[in-house]
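entry-v6.cif follows; it contains mmCIF, C-alpha atoms.
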```cif
data_protein
loop_
_atom_site.group_PDB
_atom_site.id
_atom_site.type_symbol
_atom_site.label_atom_id
_atom_site.label_comp_id
_atom_site.auth_asym_id
_atom_site.auth_seq_id
_atom_site.Cartn_x
_atom_site.Cartn_y
_atom_site.Cartn_z
ATOM 1 C CA MET A 26 -14.914 -18.986 -27.406
ATOM 2 C CA SER A 27 -15.816 -15.529 -28.687
ATOM 3 C CA ILE A 28 -14.728 -12.341 -26.993
ATOM 4 C CA THR A 29 -16.026 -8.792 -27.031
ATOM 5 C CA VAL A 30 -13.566 -5.888 -27.280
ATOM 6 C CA THR A 31 -14.882 -2.495 -26.153
ATOM 7 C CA PRO A 32 -12.374 0.317 -26.763
ATOM 8 C CA VAL A 33 -12.279 3.486 -24.700
ATOM 9 C CA GLU A 34 -13.179 6.637 -26.621
ATOM 10 C CA SER A 35 -9.607 7.427 -27.700
ATOM 11 C CA GLY A 36 -8.915 3.867 -28.864
ATOM 12 C CA PHE A 37 -5.938 3.633 -26.491
ATOM 13 C CA GLY A 38 -7.166 1.029 -24.009
ATOM 14 C CA ALA A 39 -10.013 -1.466 -24.253
ATOM 15 C CA GLU A 40 -12.064 -3.849 -22.123
ATOM 16 C CA VAL A 41 -12.117 -7.492 -23.198
ATOM 17 C CA SER A 42 -15.127 -9.466 -21.985
ATOM 18 C CA GLY A 43 -16.710 -12.859 -22.540
ATOM 19 C CA LEU A 44 -13.860 -14.850 -20.986
ATOM 20 C CA ASP A 45 -13.154 -16.676 -17.756
ATOM 21 C CA LEU A 46 -9.364 -16.741 -17.705
ATOM 22 C CA ARG A 47 -9.396 -19.512 -15.117
ATOM 23 C CA GLN A 48 -10.149 -21.746 -18.073
ATOM 24 C CA PRO A 49 -7.322 -22.590 -20.509
ATOM 25 C CA LEU A 50 -7.104 -20.489 -23.674
ATOM 26 C CA ASN A 51 -7.080 -21.941 -27.158
ATOM 27 C CA HIS A 52 -5.119 -20.585 -30.103
ATOM 28 C CA ASP A 53 -8.052 -18.723 -31.664
ATOM 29 C CA THR A 54 -8.925 -16.956 -28.410
ATOM 30 C CA TYR A 55 -5.297 -16.072 -27.774
ATOM 31 C CA ALA A 56 -5.015 -14.671 -31.313
ATOM 32 C CA ALA A 57 -8.059 -12.459 -30.678
ATOM 33 C CA ILE A 58 -6.590 -11.210 -27.378
ATOM 34 C CA GLU A 59 -3.208 -10.570 -29.030
ATOM 35 C CA ALA A 60 -4.922 -8.604 -31.811
ATOM 36 C CA ALA A 61 -6.812 -6.461 -29.278
ATOM 37 C CA LEU A 62 -3.625 -5.799 -27.321
ATOM 38 C CA SER A 63 -1.679 -4.929 -30.464
ATOM 39 C CA ARG A 64 -4.327 -2.471 -31.569
ATOM 40 C CA HIS A 65 -5.181 -0.819 -28.248
ATOM 41 C CA GLY A 66 -1.920 -1.111 -26.280
ATOM 42 C CA VAL A 67 -3.703 -1.728 -22.952
ATOM 43 C CA ILE A 68 -6.549 -4.173 -22.313
ATOM 44 C CA TYR A 69 -8.344 -5.279 -19.166
ATOM 45 C CA PHE A 70 -10.562 -8.142 -18.048
ATOM 46 C CA ARG A 71 -13.024 -7.654 -15.187
ATOM 47 C CA ASP A 72 -13.753 -10.223 -12.449
ATOM 48 C CA GLN A 73 -10.771 -12.551 -12.866
ATOM 49 C CA PRO A 74 -9.990 -14.158 -9.462
ATOM 50 C CA LEU A 75 -6.896 -15.947 -10.741
ATOM 51 C CA THR A 76 -4.450 -18.146 -8.904
ATOM 52 C CA GLU A 77 -0.741 -17.621 -9.561
ATOM 53 C CA ALA A 78 -0.731 -20.747 -11.718
ATOM 54 C CA GLU A 79 -3.640 -19.440 -13.827
ATOM 55 C CA GLN A 80 -2.052 -16.018 -14.251
ATOM 56 C CA GLU A 81 1.263 -17.610 -15.196
ATOM 57 C CA ALA A 82 -0.464 -19.869 -17.749
ATOM 58 C CA PHE A 83 -2.043 -16.757 -19.291
ATOM 59 C CA ILE A 84 1.211 -14.781 -19.554
ATOM 60 C CA ARG A 85 3.071 -17.733 -21.081
ATOM 61 C CA TRP A 86 0.946 -17.390 -24.213
ATOM 62 C CA PHE A 87 2.807 -14.123 -24.891
ATOM 63 C CA GLY A 88 6.343 -15.373 -24.302
ATOM 64 C CA PRO A 89 8.700 -16.786 -21.656
ATOM 65 C CA PRO A 90 8.058 -15.237 -18.225
ATOM 66 C CA ASN A 91 10.624 -12.943 -16.634
ATOM 67 C CA ALA A 92 12.356 -14.256 -13.525
ATOM 68 C CA LEU A 93 13.166 -11.617 -10.925
ATOM 69 C CA ALA A 94 16.075 -10.975 -8.608
ATOM 70 C CA ARG A 95 15.141 -11.772 -4.987
ATOM 71 C CA GLN A 96 15.961 -8.225 -3.912
ATOM 72 C CA MET A 97 13.229 -6.818 -6.123
ATOM 73 C CA ASN A 98 10.430 -8.717 -4.404
ATOM 74 C CA ASN A 99 8.590 -9.339 -1.172
ATOM 75 C CA ALA A 100 9.730 -12.554 0.508
ATOM 76 C CA ARG A 101 6.062 -13.617 0.600
ATOM 77 C CA MET A 102 6.263 -14.315 -3.153
ATOM 78 C CA LYS A 103 7.694 -17.790 -3.724
ATOM 79 C CA ASN A 104 7.238 -17.919 -7.495
ATOM 80 C CA PRO A 105 10.267 -16.219 -9.141
ATOM 81 C CA TYR A 106 8.085 -15.042 -12.058
ATOM 82 C CA PHE A 107 5.834 -12.941 -9.818
ATOM 83 C CA TYR A 108 6.350 -9.502 -8.320
ATOM 84 C CA ASP A 109 4.452 -8.272 -5.294
ATOM 85 C CA VAL A 110 3.215 -4.761 -6.094
ATOM 86 C CA SER A 111 1.898 -4.096 -2.621
ATOM 87 C CA ASN A 112 2.312 -1.956 0.460
ATOM 88 C CA VAL A 113 2.494 -4.903 2.847
ATOM 89 C CA ASP A 114 5.607 -6.468 4.344
ATOM 90 C CA GLU A 115 6.766 -10.047 4.709
ATOM 91 C CA GLU A 116 4.343 -10.586 7.605
ATOM 92 C CA GLY A 117 1.382 -9.193 5.679
ATOM 93 C CA LYS A 118 1.302 -5.906 7.602
ATOM 94 C CA ILE A 119 1.226 -2.455 6.017
ATOM 95 C CA MET A 120 4.811 -1.317 5.503
ATOM 96 C CA MET A 121 6.020 1.531 7.690
ATOM 97 C CA GLU A 122 7.213 4.710 5.987
ATOM 98 C CA ASP A 123 10.884 3.803 6.445
ATOM 99 C CA HIS A 124 10.607 0.271 5.013
ATOM 100 C CA GLU A 125 13.300 -0.301 2.389
ATOM 101 C CA ARG A 126 10.958 -1.960 -0.132
ATOM 102 C CA ARG A 127 8.512 0.936 0.156
ATOM 103 C CA LEU A 128 11.297 3.273 -0.979
ATOM 104 C CA TYR A 129 12.172 0.915 -3.850
ATOM 105 C CA LEU A 130 8.535 0.836 -5.025
ATOM 106 C CA LYS A 131 8.237 4.638 -5.000
ATOM 107 C CA ALA A 132 10.116 4.686 -8.306
ATOM 108 C CA ASN A 133 7.050 3.057 -9.908
ATOM 109 C CA MET A 134 5.425 6.489 -9.782
ATOM 110 C CA PHE A 135 7.780 7.614 -12.544
ATOM 111 C CA TRP A 136 6.790 6.857 -16.131
ATOM 112 C CA HIS A 137 8.506 3.605 -17.123
ATOM 113 C CA THR A 138 8.209 0.437 -19.160
ATOM 114 C CA ASP A 139 8.739 -2.853 -17.372
ATOM 115 C CA MET A 140 12.053 -4.649 -17.689
ATOM 116 C CA SER A 141 13.573 -2.235 -20.212
ATOM 117 C CA MET A 142 16.749 -2.635 -18.138
ATOM 118 C CA ARG A 143 16.969 -6.225 -19.442
ATOM 119 C CA GLN A 144 17.936 -7.827 -22.696
ATOM 120 C CA PRO A 145 15.583 -9.076 -24.079
ATOM 121 C CA PRO A 146 13.094 -6.699 -22.410
ATOM 122 C CA ALA A 147 9.499 -7.377 -21.404
ATOM 123 C CA ARG A 148 6.889 -7.536 -24.143
ATOM 124 C CA VAL A 149 3.636 -7.993 -22.197
ATOM 125 C CA THR A 150 2.766 -7.498 -18.531
ATOM 126 C CA ALA A 151 -0.279 -8.803 -16.628
ATOM 127 C CA LEU A 152 -1.283 -7.283 -13.271
ATOM 128 C CA ASN A 153 -4.057 -8.838 -11.154
ATOM 129 C CA ALA A 154 -5.881 -6.902 -8.408
ATOM 130 C CA ILE A 155 -5.887 -9.032 -5.241
ATOM 131 C CA VAL A 156 -6.685 -6.353 -2.620
ATOM 132 C CA LEU A 157 -7.630 -2.725 -3.341
ATOM 133 C CA PRO A 158 -8.139 0.239 -0.993
ATOM 134 C CA GLU A 159 -11.768 0.422 0.108
ATOM 135 C CA ILE A 160 -11.927 4.119 -0.810
ATOM 136 C CA ASP A 161 -10.702 5.615 -4.106
ATOM 137 C CA PRO A 162 -8.312 2.922 -5.401
ATOM 138 C CA PRO A 163 -5.441 4.711 -7.165
ATOM 139 C CA ASP A 164 -5.369 4.636 -10.964
ATOM 140 C CA THR A 165 -2.599 3.131 -13.036
ATOM 141 C CA GLU A 166 -1.811 5.529 -15.872
ATOM 142 C CA PHE A 167 -0.540 4.663 -19.347
ATOM 143 C CA ALA A 168 0.902 6.692 -22.213
ATOM 144 C CA ASP A 169 0.787 5.687 -25.885
ATOM 145 C CA MET A 170 4.291 5.859 -27.330
ATOM 146 C CA ARG A 171 3.076 5.183 -30.882
ATOM 147 C CA ALA A 172 0.734 8.165 -30.868
ATOM 148 C CA ALA A 173 3.429 10.323 -29.256
ATOM 149 C CA TRP A 174 5.950 9.414 -31.957
ATOM 150 C CA GLU A 175 3.459 10.164 -34.714
ATOM 151 C CA ALA A 176 2.792 13.586 -33.170
ATOM 152 C CA LEU A 177 6.429 14.633 -33.489
ATOM 153 C CA PRO A 178 7.358 16.779 -36.522
ATOM 154 C CA PRO A 179 9.042 14.735 -39.289
ATOM 155 C CA GLU A 180 12.276 16.704 -39.004
ATOM 156 C CA ARG A 181 12.425 15.909 -35.271
ATOM 157 C CA GLN A 182 11.797 12.241 -35.967
ATOM 158 C CA LYS A 183 14.789 12.143 -38.303
ATOM 159 C CA THR A 184 17.121 13.416 -35.577
ATOM 160 C CA LEU A 185 15.967 10.704 -33.164
ATOM 161 C CA GLU A 186 15.735 7.529 -35.229
ATOM 162 C CA SER A 187 19.397 6.518 -35.061
ATOM 163 C CA LEU A 188 19.895 7.105 -31.321
ATOM 164 C CA ARG A 189 20.489 4.357 -28.769
ATOM 165 C CA VAL A 190 19.776 4.600 -25.054
ATOM 166 C CA VAL A 191 21.319 2.950 -21.984
ATOM 167 C CA HIS A 192 18.655 1.519 -19.639
ATOM 168 C CA SER A 193 19.383 0.648 -16.013
ATOM 169 C CA VAL A 194 17.396 -0.161 -12.868
ATOM 170 C CA TYR A 195 19.989 1.935 -11.008
ATOM 171 C CA ALA A 196 18.931 5.001 -12.989
ATOM 172 C CA SER A 197 15.267 4.661 -12.032
ATOM 173 C CA ARG A 198 15.907 3.848 -8.356
ATOM 174 C CA SER A 199 18.418 6.659 -7.962
ATOM 175 C CA LYS A 200 15.503 9.042 -8.583
ATOM 176 C CA VAL A 201 14.118 8.088 -5.159
ATOM 177 C CA GLY A 202 17.504 7.708 -3.475
ATOM 178 C CA TYR A 203 17.608 3.905 -3.462
ATOM 179 C CA THR A 204 21.105 2.491 -3.995
ATOM 180 C CA ASN A 205 21.217 -0.604 -1.763
ATOM 181 C CA PHE A 206 21.500 -3.293 -4.461
ATOM 182 C CA ASN A 207 22.951 -6.681 -3.597
ATOM 183 C CA GLU A 208 25.473 -8.579 -5.702
ATOM 184 C CA GLU A 209 22.854 -10.935 -7.185
ATOM 185 C CA THR A 210 20.875 -8.025 -8.579
ATOM 186 C CA ARG A 211 23.975 -6.313 -9.982
ATOM 187 C CA LYS A 212 24.952 -9.501 -11.823
ATOM 188 C CA LEU A 213 21.447 -10.152 -13.122
ATOM 189 C CA LEU A 214 20.735 -6.559 -14.137
ATOM 190 C CA PRO A 215 23.732 -4.858 -15.757
ATOM 191 C CA PRO A 216 22.920 -1.721 -17.805
ATOM 192 C CA THR A 217 21.852 -2.491 -21.368
ATOM 193 C CA GLU A 218 21.183 -0.624 -24.620
ATOM 194 C CA HIS A 219 18.015 -0.279 -26.703
ATOM 195 C CA PRO A 220 17.131 1.888 -29.698
ATOM 196 C CA LEU A 221 15.329 5.097 -28.820
ATOM 197 C CA VAL A 222 12.865 4.443 -31.643
ATOM 198 C CA ARG A 223 11.420 1.001 -32.254
ATOM 199 C CA THR A 224 8.927 -0.450 -34.724
ATOM 200 C CA HIS A 225 6.053 -2.172 -32.947
ATOM 201 C CA ALA A 226 5.878 -5.733 -34.213
ATOM 202 C CA GLY A 227 2.108 -6.121 -34.043
ATOM 203 C CA SER A 228 1.083 -2.909 -35.793
ATOM 204 C CA GLY A 229 4.134 -1.867 -37.816
ATOM 205 C CA ARG A 230 3.945 1.589 -36.205
ATOM 206 C CA LYS A 231 7.040 3.299 -34.820
ATOM 207 C CA ASN A 232 7.215 4.338 -31.186
ATOM 208 C CA LEU A 233 9.505 5.902 -28.596
ATOM 209 C CA TYR A 234 11.157 3.492 -26.139
ATOM 210 C CA ILE A 235 11.998 5.554 -23.078
ATOM 211 C CA GLY A 236 11.005 5.850 -19.398
ATOM 212 C CA ALA A 237 12.575 6.054 -15.951
ATOM 213 C CA HIS A 238 15.027 3.220 -16.596
ATOM 214 C CA ALA A 239 16.461 5.182 -19.539
ATOM 215 C CA SER A 240 19.705 6.575 -18.139
ATOM 216 C CA HIS A 241 21.478 8.376 -20.987
ATOM 217 C CA ILE A 242 22.036 8.355 -24.735
ATOM 218 C CA VAL A 243 24.978 6.513 -26.262
ATOM 219 C CA ASP A 244 27.723 8.796 -27.693
ATOM 220 C CA MET A 245 26.044 11.948 -26.360
ATOM 221 C CA ASP A 246 27.068 14.153 -23.467
ATOM 222 C CA GLU A 247 25.299 12.547 -20.481
ATOM 223 C CA ALA A 248 23.678 15.750 -19.238
ATOM 224 C CA ALA A 249 22.441 16.616 -22.734
ATOM 225 C CA GLY A 250 21.189 13.073 -23.243
ATOM 226 C CA ARG A 251 19.269 13.069 -19.982
ATOM 227 C CA ALA A 252 17.744 16.435 -20.840
ATOM 228 C CA LEU A 253 16.577 15.040 -24.191
ATOM 229 C CA LEU A 254 15.060 11.955 -22.539
ATOM 230 C CA GLU A 255 13.236 14.134 -20.000
ATOM 231 C CA GLU A 256 11.924 16.352 -22.792
ATOM 232 C CA LEU A 257 10.636 13.351 -24.755
ATOM 233 C CA THR A 258 9.011 11.854 -21.663
ATOM 234 C CA GLU A 259 7.251 15.105 -20.864
ATOM 235 C CA PHE A 260 6.036 15.405 -24.462
ATOM 236 C CA SER A 261 4.847 11.807 -24.801
ATOM 237 C CA THR A 262 2.923 11.692 -21.512
ATOM 238 C CA GLN A 263 0.683 14.666 -22.225
ATOM 239 C CA PRO A 264 -3.023 14.083 -21.439
ATOM 240 C CA GLN A 265 -3.962 13.421 -25.076
ATOM 241 C CA PHE A 266 -1.715 10.337 -25.093
ATOM 242 C CA ARG A 267 -2.928 8.874 -21.787
ATOM 243 C CA TYR A 268 -5.290 6.205 -20.497
ATOM 244 C CA ALA A 269 -6.036 5.961 -16.749
ATOM 245 C CA HIS A 270 -7.206 2.559 -15.555
ATOM 246 C CA LYS A 271 -9.924 2.670 -12.894
ATOM 247 C CA TRP A 272 -9.331 -0.452 -10.843
ATOM 248 C CA GLN A 273 -12.020 -2.849 -9.699
ATOM 249 C CA PRO A 274 -11.410 -5.919 -7.511
ATOM 250 C CA GLN A 275 -10.052 -8.918 -9.443
ATOM 251 C CA ASP A 276 -9.256 -6.941 -12.592
ATOM 252 C CA LEU A 277 -6.563 -8.393 -14.816
ATOM 253 C CA LEU A 278 -4.827 -5.468 -16.523
ATOM 254 C CA VAL A 279 -2.578 -6.316 -19.497
ATOM 255 C CA TRP A 280 -0.336 -4.002 -21.477
ATOM 256 C CA ASP A 281 2.200 -4.019 -24.287
ATOM 257 C CA ASP A 282 5.499 -2.898 -22.794
ATOM 258 C CA SER A 283 7.096 -2.385 -26.199
ATOM 259 C CA CYS A 284 4.881 0.609 -27.075
ATOM 260 C CA THR A 285 3.592 2.071 -23.789
ATOM 261 C CA LEU A 286 4.768 3.787 -20.632
ATOM 262 C CA HIS A 287 2.928 3.480 -17.325
ATOM 263 C CA ARG A 288 3.108 4.691 -13.753
ATOM 264 C CA SER A 289 1.392 4.130 -10.431
ATOM 265 C CA THR A 290 -0.387 6.987 -8.648
ATOM 266 C CA PRO A 291 -0.334 7.816 -4.927
ATOM 267 C CA PHE A 292 -2.813 6.792 -2.244
ATOM 268 C CA ASP A 293 -2.847 6.707 1.561
ATOM 269 C CA ASP A 294 -0.567 3.680 1.833
ATOM 270 C CA GLN A 295 -0.275 4.027 5.613
ATOM 271 C CA LYS A 296 -4.024 3.495 6.011
ATOM 272 C CA PHE A 297 -5.218 1.276 3.156
ATOM 273 C CA ARG A 298 -3.882 -2.036 1.851
ATOM 274 C CA ARG A 299 -3.217 -2.608 -1.827
ATOM 275 C CA GLU A 300 -1.949 -5.885 -3.242
ATOM 276 C CA LEU A 301 -1.404 -6.412 -6.963
ATOM 277 C CA ARG A 302 0.239 -9.507 -8.455
ATOM 278 C CA TRP A 303 2.563 -8.846 -11.414
ATOM 279 C CA CYS A 304 4.148 -11.073 -14.037
ATOM 280 C CA SER A 305 5.506 -10.372 -17.504
ATOM 281 C CA ALA A 306 6.552 -12.160 -20.692
ATOM 282 C CA ARG A 307 9.798 -11.183 -22.344
ATOM 283 C CA GLU A 308 10.537 -10.694 -25.991
ATOM 284 C CA LEU A 309 12.170 -13.625 -27.739
ATOM 285 C CA GLU A 310 15.133 -11.660 -29.093
ATOM 286 C CA ALA A 311 17.307 -8.786 -27.935
ATOM 287 C CA VAL A 312 16.485 -5.330 -29.323
#
```
Could you show the structure in this file as structure tokens?
Amino acid sequence: MSITVTPVESGFGAEVSGLDLRQPLNHDTYAAIEAALSRHGVIYFRDQPLTEAEQEAFIRWFGPPNALARQMNNARMKNPYFYDVSNVDEEGKIMMEDHERRLYLKANMFWHTDMSMRQPPARVTALNAIVLPEIDPPDTEFADMRAAWEALPPERQKTLESLRVVHSVYASRSKVGYTNFNEETRKLLPPTEHPLVRTHAGSGRKNLYIGAHASHIVDMDEAAGRALLEELTEFSTQPQFRYAHKWQPQDLLVWDDSCTLHRSTPFDDQKFRRELRWCSARELEAV
């Protein structure tokens, strides 16, 4: 089964066509998809009305799926590998402004990489559009951490390469004032460390590994470390490093968590429904 890869103008982001992902992949097709993802960082497939089982089968090609703490999800989701990125509650109604899960999800508007608070972290995420707002569906934005790293002056790169960063879901949620974590979540998601600079396995290119879960820098004054992380995030999410995905119904959007940041963008979530179904594959080893 041959595929067609059509990059966006910058080369960061590409459409992959010629596939019906409801059908099982073979090794050659997976290898072609993996190569496109490694090169472009973000890929998308149009018109993919997948079931949970079909989406899970797809993500398993990239690694073991991440299981989630119950607190992180909508009770409507029964599969522990799936996350309900939606503005609807357990009864399928649009969440009111004071709904606790709505507050939790607000942190997704900060630049982040999925599951960096875990060890091993996520490698690849797949997000399927189930329901979109009828008017102006909000974009999902991405930033290329490989290109950002390569744009730093060499002398600055040298000062960063040896640093390690503490990542924590509590750091990202504190930005929106959410602190109501249950004991299960605290046991499953203790803070963890990752290098600030990683080498991307698929391309051999170095990249920054930062985002909203990045709390502080090991062996550095916490305030100074946070200031450095904020500075690097601001630098690496400049427009020249970005791709904005324009959603269409039944898109499957796939990205490489190890070399990108992403964020959601606002919409009138008290008027329009949006339901996206998320799952991710983790890396095989700790980093």
Evaluated on this file, the PyMOL selection byres ((chain A and resi 44-57) around 12) picks out some residues - which ones are they, written as a ChimeraX atom specification? /A:26-30,40-43,58-64,68-87,153,227,275-277
Dump of C-alpha atoms for the selected residues, as a PDB file, keeping the file's coordinate frame:
```pdb
ATOM      1  CA  MET A  26     -14.914 -18.986 -27.406  1.00  0.00           C
ATOM      2  CA  SER A  27     -15.816 -15.529 -28.687  1.00  0.00           C
ATOM      3  CA  ILE A  28     -14.728 -12.341 -26.993  1.00  0.00           C
ATOM      4  CA  THR A  29     -16.026  -8.792 -27.031  1.00  0.00           C
ATOM      5  CA  VAL A  30     -13.566  -5.888 -27.280  1.00  0.00           C
ATOM      6  CA  GLU A  40     -12.064  -3.849 -22.123  1.00  0.00           C
ATOM      7  CA  VAL A  41     -12.117  -7.492 -23.198  1.00  0.00           C
ATOM      8  CA  SER A  42     -15.127  -9.466 -21.985  1.00  0.00           C
ATOM      9  CA  GLY A  43     -16.710 -12.859 -22.540  1.00  0.00           C
ATOM     10  CA  ILE A  58      -6.590 -11.210 -27.378  1.00  0.00           C
ATOM     11  CA  GLU A  59      -3.208 -10.570 -29.030  1.00  0.00           C
ATOM     12  CA  ALA A  60      -4.922  -8.604 -31.811  1.00  0.00           C
ATOM     13  CA  ALA A  61      -6.812  -6.461 -29.278  1.00  0.00           C
ATOM     14  CA  LEU A  62      -3.625  -5.799 -27.321  1.00  0.00           C
ATOM     15  CA  SER A  63      -1.679  -4.929 -30.464  1.00  0.00           C
ATOM     16  CA  ARG A  64      -4.327  -2.471 -31.569  1.00  0.00           C
ATOM     17  CA  ILE A  68      -6.549  -4.173 -22.313  1.00  0.00           C
ATOM     18  CA  TYR A  69      -8.344  -5.279 -19.166  1.00  0.00           C
ATOM     19  CA  PHE A  70     -10.562  -8.142 -18.048  1.00  0.00           C
ATOM     20  CA  ARG A  71     -13.024  -7.654 -15.187  1.00  0.00           C
ATOM     21  CA  ASP A  72     -13.753 -10.223 -12.449  1.00  0.00           C
ATOM     22  CA  GLN A  73     -10.771 -12.551 -12.866  1.00  0.00           C
ATOM     23  CA  PRO A  74      -9.990 -14.158  -9.462  1.00  0.00           C
ATOM     24  CA  LEU A  75      -6.896 -15.947 -10.741  1.00  0.00           C
ATOM     25  CA  THR A  76      -4.450 -18.146  -8.904  1.00  0.00           C
ATOM     26  CA  GLU A  77      -0.741 -17.621  -9.561  1.00  0.00           C
ATOM     27  CA  ALA A  78      -0.731 -20.747 -11.718  1.00  0.00           C
ATOM     28  CA  GLU A  79      -3.640 -19.440 -13.827  1.00  0.00           C
ATOM     29  CA  GLN A  80      -2.052 -16.018 -14.251  1.00  0.00           C
ATOM     30  CA  GLU A  81       1.263 -17.610 -15.196  1.00  0.00           C
ATOM     31  CA  ALA A  82      -0.464 -19.869 -17.749  1.00  0.00           C
ATOM     32  CA  PHE A  83      -2.043 -16.757 -19.291  1.00  0.00           C
ATOM     33  CA  ILE A  84       1.211 -14.781 -19.554  1.00  0.00           C
ATOM     34  CA  ARG A  85       3.071 -17.733 -21.081  1.00  0.00           C
ATOM     35  CA  TRP A  86       0.946 -17.390 -24.213  1.00  0.00           C
ATOM     36  CA  PHE A  87       2.807 -14.123 -24.891  1.00  0.00           C
ATOM     37  CA  ASN A 153      -4.057  -8.838 -11.154  1.00  0.00           C
ATOM     38  CA  GLY A 227       2.108  -6.121 -34.043  1.00  0.00           C
ATOM     39  CA  GLN A 275     -10.052  -8.918  -9.443  1.00  0.00           C
ATOM     40  CA  ASP A 276      -9.256  -6.941 -12.592  1.00  0.00           C
ATOM     41  CA  LEU A 277      -6.563  -8.393 -14.816  1.00  0.00           C
TER      42      LEU A 277
END
```
The PyMOL selection byres ((chain A and resi 312) around 8) - which residues does that actually catch in the file I just gave you? List them as a ChimeraX atom specification. /A:144-146,219-220,310-311
Quick one: which residues end up in the PyMOL selection byres ((chain A and resi 270) around 8) for this structure, as a ChimeraX atom specification? /A:164-167,268-269,271-272
Please report the interatomic distance between atom CA of A:Pro178 and atom CA of A:Val190 in Å with one decimal. 20.8 Å
In Å, how far is it from atom CA of A:Thr224 to atom CA of A:Ser283? 8.9 Å
Rank nothing, just name the residue among A:Ser305, A:Gln295, A:Thr210, A:Thr290 nearest to A:Glu122, using all atoms listed in the file. A:Gln295
Grab the atom CA of A:Asp161 to atom CA of A:Glu300 distance for me, in Å with one decimal place. 14.5 Å
Residues near A:Gly236, anyone? I mean within 12 Å using all atoms listed in the file, not counting same-chain ones fewer than 3 positions away, as a VMD selection string. chain A and resid 132 to 142 167 to 168 170 190 to 194 196 to 197 219 221 233 239 to 241 251 253 to 262 282 to 288
Kindly indicate which residue among A:Phe297, A:Tyr234, A:Phe107, A:Trp303 lies nearest to A:Asp169, using all atoms listed in the file for the distances.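 Distance minimum relative to A:Asp169 lands on A:Tyr234.
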For a quick check of understanding, using only C-alpha atoms, which of A:Arg189, A:Glu208, A:Lys131, A:Ala176 has the smallest distance to A:Ala237?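 Once distances to A:Ala237 are computed over only C-alpha atoms, the minimum belongs to A:Lys131.
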